Amino acid sequence: MGKLKAAIFMFLLLLFCPLVSFGAEVYFKGGLGVSSIENYNRFFKDYPAFIQEDGSVSLNLSVLSLFESKYLYLQGEFFTVSSQSSVYYYTGEVNDYSIYATYLGVSAGIFSQQGEYYFLVGPMFSMKLNELFTAGYENFSTDFLEDFPWWFTVEVGRQFYGKKFLVGIKFLKSLSAVLKPYNGKVAILSFVFSYRFSNNR
Amino acid sequence: MGRLKIYLLSILFLLSSCSLNYSENRDSKWLFAVYMMGDNNLSEMATYDLKEMMDVGSDENVRVVVLCDRGEGPTIYEVKRNFLEPIKVYSTLDTGNPDTFRNFLATLKESFSYEHLALVLWDHGNGWDITGVDDSSKSYLFVKNVYDVFNSTGTKVDLLGFDECLMGMMEVLYTFKDVATGIVVSEYLEPGTGWDYRLTLSKFKNSGNYSIDSFGKIIVDSYYLSYENMPDATLGYYKSETVNGILVALNDVIGFYSTFSTDFKEARKNSVSVYYYSYIDLLSFADALLNSTDSGLRAAALQLKTEVKSGYFKTTSPELRGISIYFSENKTDLIDAYFDFKFNKFAETNWPQFLKEYLGI
């Protein structure tokens, strides 16, 4: 419970920092996509089984704040990473294996608008909040994913309703291996929806 | 700029105050560690044995740890229920290299806390000389290498097992009697599937009796249950004091050897060979010596039988009854390394000298 409280506290603080710090133009964002962990199936290399990689969902919530120059942004982000596989044992059993992790990230970079379209790119530093490995019906606290990875984020999309509402595609990729035991990078591709909170413009 | 500072300071505060640790409890009554040398044609069998262990998993009574080398990405796993948790991942390993075995023991000591250690060597076995083969590295792990690692690191184990063929030899038992309280070995060939880890670990966990004897006997019983319909399945559990008793009785027996007597030649001829002609069943040898006209030798042979039988042994063969010993009958077949302490600790006993006298060397 302590960890959960800490996570909620950090989530709120980190996400609302851009709001209180700048307050010029702030967007609330939510997204849904797929994540992929390179080499994840190497967890099962010594299992007497056929491995099928399943789709893995990633969620993200963030607050984006534009600097007054409108060319730079600061973003606090909460996102999940997961990967799932079905393991078909030759003995006849089938087990689902999944790894889940939640991260908090802070990114800053360039924000650009061309007519109705927008583009942002920048590095992101993140901190792992928790990690869970589920095997069959068992859950295990594990530490297979890096605690403080760096990422590269790119987002493109279109602005609607007088730039009040943004729809985009976001790509997030780790700059180095995040899956520690098997040296695997992580990539996330999501659809993101943003709503401009402030009316200062 | 002031607002930016506040923001960065907030983040630094968060990072410093909320680091989350995943400290895993790795204390247990028993650590059941398997040195799985599967970089050879037993590679697939390794996966099945891992699955058997996964079906049971680890708990605070018995924690299961395996170094699995199947040629690519050797890994030390903690075996949990339905899950192999990687502890250390290597790009490659030569499990035939004694240093690899030494490092495995070091990892066990560093990463786990336990009251009792059961260590199993898993691979092809060839008796007194070889206990593992690494095909990729084209290397062998020799029995004496394993002893030297134990000796140089001061490692003692409560239970030492060989999930391998032909390791139930007097030479093997003697080599490890001072570093292991109990030893589990198969006199004859083992099937590729080896020990039944699912049955062994579940029976041991459910027994509630976590003594060394209990574990040793459960390994033997489980193996017997798994292969009771298979011919020539053998497995035995021998305590170090049992091995000492056998050695004393064996010394007494060979003390009666005389070049003028045919007792030993007849007994050797009537002994049961164990896979190789030069490996003989020790009980069958003692039985054959009972035909001697020398009452002293008969009494010594009887004592040898008693000592061998004091081990906990189960067999599906009427002829294979516990322990074998190297007894070449031909000078030309002799293996020089057998007589060299560097390769065979048993070379320090009276038996090799007896063999030389017997063969007239």
# chains A, B, ... in the order shown; residues from 1 in each chain; ligands from 1

$ select_by_dssp --residues "region 112-355 of chain B" --states "strand (DSSP E or B)" --output "ChimeraX atom specification"
/B:113-122,130-134,139-142,157-163,169,180-185,234-239,273-274,276-281,312-315,324-326

$ atom_distance --atom1 "CA of Met167 (chain B)" --atom2 "CA of Gly322 (chain B)"
10.8 Å

$ closest_residue --among "B:Val120, B:Cys68, B:Leu225, B:Ile361" --to "chain A" --atoms "only C-alpha atoms"
B:Cys68

$ residues_around --residues "Thr315 (chain B)" --least-positions-apart "5" --cutoff "10 Å" --atoms "only C-alpha atoms" --output "PyMOL selection string"
chain B and resi 186-188+220+223-224+227-228+230-236+320-322

$ residues_around --residues "region 108-117 of chain B" --least-positions-apart "6" --cutoff "6 Å" --atoms "only C-alpha atoms" --output "PyMOL selection string"
chain B and resi 26-31+157-158

$ residues_around --residues "region 137-144 of chain B" --least-positions-apart "6" --cutoff "9 Å" --atoms "only C-alpha atoms" --output "MDAnalysis selection string"
chainID B and resid 39 93:98 127:131 172 175 341:345

$ select_by_dssp --residues "region 37-114 of chain A" --states "helix (DSSP H, G or I)" --output "list in words"
Tyr40, Asn41, Arg42, Phe43 and Phe44 of chain A

$ closest_residue --among "B:Ala106, B:Ala347, B:Ile183, B:Ile325" --to "Tyr275 (chain B)" --atoms "only C-alpha atoms"
B:Ile325

$ residues_around --residues "Asn206 (chain B)" --least-positions-apart "4" --cutoff "12 Å" --atoms "only C-alpha atoms" --output "list in words"
Val56, Asp59, Asn61, Val62, Arg198, Leu199, Thr200, Leu201, Ser202, Tyr210, Ser214, Phe215 and Ile218 of chain B

$ residues_around --residues "Tyr358 (chain B)" --least-positions-apart "2" --cutoff "10 Å" --atoms "only C-alpha atoms" --output "PyMOL selection string"
chain B and resi 257-259+264-265+327-331+352-356+360-361

$ closest_residue --among "A:Ser126, A:Ser36, A:Gln113, A:Thr142" --to "Pro181 (chain A)" --atoms "only C-alpha atoms"
A:Thr142

$ atom_distance --atom1 "CA of Ser62 (chain A)" --atom2 "CA of Ile169 (chain A)"
14.1 Å

$ atom_distance --atom1 "CA of Leu302 (chain B)" --atom2 "CA of Glu266 (chain B)"
16.7 Å

$ closest_residue --among "B:Gly125, B:Gly194, B:Gly161, B:Gly73" --to "chain A" --atoms "only C-alpha atoms"
B:Gly73
